[in-house]
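So the structure is just underneath, and the comments pick up after that.
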Amino acid sequence: MRIVLLGAPGSGKGTQAALLEKHLGLPHISTGVLLRHAVAEQTPIGQQAKAIIDRGELVPDDVMLDLIEERLAQADTQQGFLLDGYPRNLAQAESLDALLKRLGRPVDEAIQIDVDPEQVIARIEQRAAQEGRSDDTEEVLRHRMRIYQEQTAPVVDYYARKGLLTRVLGEGSVEEVLQLILSVLSMDERGAAP
Ligand code: AP5
């Protein structure tokens, strides 16, 4: 199964994808994690991306497409994958569709995790205190949330128009949200053609 997880910064995409990876046996592909790894390793992409991430803006689409194409070429994605943080604007959504069409492996399901912005801010404040991620400052978080509204929210409609979108409320406990997502996925599996 090929799943796209959508949601604002701090909505719980990464948390849920890590749990779903264990439940479903599918690789969790987080573009945020791939980029932070590239920054830590000081690769050319990492060097280009660091300042952009620290400002809370989006890394250029062509860079992201190369990164995702390289990751999807790896053998562990053959049975499916969980995408977290990609696509993040309409151009990325269209590029992903074209890439997956070429690979004969289209998206099966897009799940939007809805969380109230005030709750998101509280979660990120807590994470900032615990982990000190460079883009978790109050000012940068507000900018990330603005970028999300302007550029990423239209991606939700994009998948809705394709009939692939389910929204889940992400405000319960981590376990409660996981169960909601698993029930959506199992309903869809039951409904799928053999
Ligand atoms: P990325 O790493 O993708 O950041 P993000 O989308 O802002 O997401 P977060 O990691 O902040 O939140 P999340 O939804 O994963 O929530 P999480 O599970 O961590 O991207 C970072 C940057 O990289 C971007 O700003 C951009 O610059 C660049 N980038 C990445 N992808 C890109 C792309 N495709 N194109 C261009 N640029 C790109 O949870 C947050 C916190 O809440 C955690 O502490 C967690 O423990 C807690 N929590 C989770 N669930 C719950 C719950 N149910 N109840 C209570 N607490 C919870």
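Ordered as shown in the structure tokens, chains take letters A, B, and onward, while each chain numbers its residues from 1 and ligands are numbered from 1 in the order shown.
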**Contacts with ligand 1 at most 8 Å, only C-alpha atoms and all ligand atoms counted, listed as JSON, numbers by chain** = {"A": [6, 7, 8, 9, 10, 11, 12, 13, 14, 15, 16, 17, 30, 31, 32, 33, 35, 36, 49, 52, 53, 54, 55, 56, 57, 58, 59, 60, 61, 64, 84, 85, 86, 87, 88, 89, 92, 120, 123, 124, 126, 127, 135, 136, 141, 144, 145, 170, 171, 172, 173, 174, 175, 176, 177]}
**Message:** Write out as JSON, numbers by chain the set of residues from stretch 13-90 of chain A that DSSP, computed on the backbone, places in alpha helix (DSSP H).
**Reply:** {"A": [13, 14, 15, 16, 17, 18, 19, 20, 21, 22, 23, 24, 31, 32, 33, 34, 35, 36, 37, 38, 39, 40, 41, 44, 45, 46, 47, 48, 49, 50, 51, 52, 53, 54, 55, 61, 62, 63, 64, 65, 66, 67, 68, 69, 70, 71, 72, 90]}
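The strand (DSSP E or B) portion of chain A consists of A:Arg2, A:Ile3, A:Val4, A:Leu5, A:Leu6, A:Gly7, A:His28, A:Ile29, A:Ser30, A:Phe81, A:Leu82, A:Leu83, A:Asp84, A:Glu109, A:Ala110, A:Ile111, A:Gln112, A:Ile113, A:Asp114, A:Leu165, A:Thr166, A:Arg167, A:Val168, A:Leu169, with states taken from DSSP on the backbone.
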**Complete:** Counting only C-alpha atoms, the residue among A:Gln149, A:Gln119, A:Gln112, A:Ser134 that lies closest to A:Leu5 is A:Gln112
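Distances here use only C-alpha atoms; by that measure, the residue among A:Ile121, A:Val156, A:Ile113, A:Val184 closest to A:Glu139 is A:Ile121.
Within 9 Å of A:Gln79, once only C-alpha atoms are used and residues closer than 6 positions along the same chain are dropped, the contacting residues are Met1, Arg2 and Leu26 of chain A.
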Preceding selection exported with all heavy atoms as an mmCIF file, in the first residue's frame:
data_model
loop_
_atom_site.group_PDB
_atom_site.id
_atom_site.type_symbol
_atom_site.label_atom_id
_atom_site.label_comp_id
_atom_site.auth_asym_id
_atom_site.auth_seq_id
_atom_site.Cartn_x
_atom_site.Cartn_y
_atom_site.Cartn_z
ATOM 1 N N MET A 1 0.835 -1.198 0.000
ATOM 2 C CA MET A 1 0.000 0.000 0.000
ATOM 3 C C MET A 1 0.879 1.260 0.000
ATOM 4 O O MET A 1 1.868 1.314 0.709
ATOM 5 C CB MET A 1 -0.866 -0.015 1.266
ATOM 6 C CG MET A 1 -2.111 0.805 1.112
ATOM 7 S SD MET A 1 -3.218 0.530 2.508
ATOM 8 C CE MET A 1 -4.732 1.145 1.818
ATOM 9 N N ARG A 2 0.467 2.250 -0.808
ATOM 10 C CA ARG A 2 1.248 3.486 -0.908
ATOM 11 C C ARG A 2 0.432 4.620 -0.302
ATOM 12 O O ARG A 2 -0.640 4.967 -0.809
ATOM 13 C CB ARG A 2 1.618 3.749 -2.366
ATOM 14 C CG ARG A 2 2.580 2.681 -2.893
ATOM 15 C CD ARG A 2 2.687 2.686 -4.381
ATOM 16 N NE ARG A 2 1.458 2.281 -5.027
ATOM 17 C CZ ARG A 2 1.144 1.022 -5.360
ATOM 18 N NH1 ARG A 2 1.982 0.048 -5.109
ATOM 19 N NH2 ARG A 2 -0.013 0.757 -5.948
ATOM 20 N N LEU A 26 5.749 -1.250 6.324
ATOM 21 C CA LEU A 26 6.096 -0.421 5.160
ATOM 22 C C LEU A 26 7.123 0.628 5.584
ATOM 23 O O LEU A 26 7.042 1.136 6.705
ATOM 24 C CB LEU A 26 4.854 0.313 4.635
ATOM 25 C CG LEU A 26 3.710 -0.558 4.142
ATOM 26 C CD1 LEU A 26 2.500 0.317 3.797
ATOM 27 C CD2 LEU A 26 4.144 -1.369 2.927
#
**Message:** Here is a test: counting only C-alpha atoms, which residue of A:Leu90, A:Ile29, A:Leu185, A:Ala75 is nearest to A:Tyr158?
**Reply:** A:Leu90
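For the set A:Ala18, A:Ala128, A:Ile111, A:Leu72, the residue with the smallest atom-to-atom gap to A:Val140 is A:Ala128, counting only C-alpha atoms.
Residues in contact with A:Glu109 at 7 Å, where only C-alpha atoms are counted and same-chain residues fewer than 5 positions away are skipped, are listed as Arg2, Ile3, Val4, Leu164 and Leu165 of chain A.
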**Request:** Go through A:Ala51, A:Ala110, A:Pro117, A:Ala40 and flag the residue nearest A:Tyr148, using only C-alpha atoms for the distances.
**Result:** A:Pro117
**Request:** Go through A:Ala93, A:Leu20, A:Gln179, A:Ala122 and flag the residue nearest A:Glu138, using only C-alpha atoms for the distances.
**Result:** A:Ala122
**Asked** atom CA of A:Leu19 to atom CA of A:Val115: how many Å, to one decimal?
**Response** 18.3 Å
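Reported to one decimal place, the separation of atom CA of A:Ser186 from atom CA of A:Thr166 is 12.5 Å.
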